[in-house]
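K.L.:
The structure is given below, and queries will be raised subsequently.
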Amino acid sequence: MTMTLYVGGILILIGTLGTVFGPGTRDPIVRFINVEVSSFGLLLIFLVYHTTLALITYIAAAGIIALVFMRMFLRMERLRIMEGD
C-alpha cells in the first residue's frame, strides 16, 4: 500500500518535470505523454485511498486532457496551414 503511494508520487514528479523541462517540450505529443504519466501517478495515489474514486477520477481526467490536447493539435495545424498561404 505504501509502495503504491511512493510510486504514484514519483510518477507525478517525473511526469511534471518531463512536461516542463524534459526533451521535446515544444512537441505537443511529447507533452501529452508526460501529462499522462503524471495522471497515472495520481491514479496510483488515489488507489491507495479509494478504488472507485480513483478510477472515476482517472477516466474523467484522461478524457478532459485528451480533449484539450486534441483541440490544441487542431489549432496548431490550422495555424500552420494559414501561415503557408
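Identifiers for the C-alpha cells are assigned positionally: chains receive A, B, ... in sequence, residues are indexed from 1 per chain, and ligands are indexed from 1 in the order shown.
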Determine, counting only C-alpha atoms, which protein, DNA and RNA residues have an atom within 7 Å of an atom of region 41-55 of chain A; residues of the same chain fewer than 2 positions away are not included. Present the result as a list in words.
P.N.:
Met1, Thr4, Leu5, Gly8, Gly9, Leu11, Ile12, Val37, Ser38, Ser39, Thr57, Tyr58 and Ile59 of chain A
K.L.:
Mind checking which residues fall within 10 Å of region 20-33 of chain A, counting only C-alpha atoms, ignoring those fewer than 5 positions away in the same chain, and posting them as a PDB file with N, CA and C atoms, in the first residue's frame?
P.N.:
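The result, stored in part37.pdb:
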```pdb
ATOM      1  N   ILE A  14       8.064  12.864 -11.974  1.00  0.00           N
ATOM      2  CA  ILE A  14       8.737  12.642 -13.260  1.00  0.00           C
ATOM      3  C   ILE A  14       7.917  13.217 -14.415  1.00  0.00           C
ATOM      4  N   GLY A  15       6.610  12.975 -14.403  1.00  0.00           N
ATOM      5  CA  GLY A  15       5.760  13.499 -15.469  1.00  0.00           C
ATOM      6  C   GLY A  15       5.707  15.011 -15.505  1.00  0.00           C
ATOM      7  N   SER A  38       1.936  11.727 -15.448  1.00  0.00           N
ATOM      8  CA  SER A  38       1.534  12.376 -14.191  1.00  0.00           C
ATOM      9  C   SER A  38       0.143  11.937 -13.755  1.00  0.00           C
ATOM     10  N   SER A  39      -0.776  11.832 -14.700  1.00  0.00           N
ATOM     11  CA  SER A  39      -2.134  11.444 -14.317  1.00  0.00           C
ATOM     12  C   SER A  39      -2.188   9.984 -13.865  1.00  0.00           C
ATOM     13  N   ILE A  65      -8.229  15.806 -20.508  1.00  0.00           N
ATOM     14  CA  ILE A  65      -6.890  16.129 -21.011  1.00  0.00           C
ATOM     15  C   ILE A  65      -6.771  15.795 -22.488  1.00  0.00           C
ATOM     16  N   ALA A  66      -7.321  14.657 -22.890  1.00  0.00           N
ATOM     17  CA  ALA A  66      -7.263  14.276 -24.301  1.00  0.00           C
ATOM     18  C   ALA A  66      -8.019  15.275 -25.177  1.00  0.00           C
ATOM     19  N   VAL A  68      -8.590  18.487 -24.551  1.00  0.00           N
ATOM     20  CA  VAL A  68      -7.852  19.748 -24.587  1.00  0.00           C
ATOM     21  C   VAL A  68      -6.662  19.645 -25.536  1.00  0.00           C
ATOM     22  N   PHE A  69      -5.921  18.560 -25.444  1.00  0.00           N
ATOM     23  CA  PHE A  69      -4.763  18.415 -26.311  1.00  0.00           C
ATOM     24  C   PHE A  69      -5.152  18.225 -27.770  1.00  0.00           C
ATOM     25  N   MET A  70      -6.237  17.507 -28.064  1.00  0.00           N
ATOM     26  CA  MET A  70      -6.669  17.357 -29.453  1.00  0.00           C
ATOM     27  C   MET A  70      -7.092  18.705 -30.032  1.00  0.00           C
ATOM     28  N   MET A  72      -5.858  21.558 -29.115  1.00  0.00           N
ATOM     29  CA  MET A  72      -4.616  22.280 -29.322  1.00  0.00           C
ATOM     30  C   MET A  72      -3.917  21.801 -30.596  1.00  0.00           C
ATOM     31  N   PHE A  73      -3.902  20.484 -30.841  1.00  0.00           N
ATOM     32  CA  PHE A  73      -3.286  19.952 -32.059  1.00  0.00           C
ATOM     33  C   PHE A  73      -3.972  20.504 -33.304  1.00  0.00           C
ATOM     34  N   MET A  76      -3.042  24.199 -33.799  1.00  0.00           N
ATOM     35  CA  MET A  76      -1.676  24.343 -34.289  1.00  0.00           C
ATOM     36  C   MET A  76      -1.599  23.998 -35.773  1.00  0.00           C
TER      37      MET A  76
END
```
K.L.:
Interatomic distance between CA of Leu79 (chain A) and CA of Leu67 (chain A)?
P.N.:
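These atoms are spaced 18.5 Å apart.
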K.L.:
May I ask for the distance between CA of Phe40 (chain A) and CA of Leu17 (chain A), given in Å to one decimal place?
P.N.:
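Result for CA of Phe40 (chain A) versus CA of Leu17 (chain A): 14.5 Å, one decimal.
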K.L.:
Just to confirm, what's the straight-line distance from CA of Arg75 (chain A) to CA of Val35 (chain A) in Å (one decimal)?
P.N.:
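Atom-to-atom, CA of Arg75 (chain A) and CA of Val35 (chain A) are spaced 19.2 Å apart.
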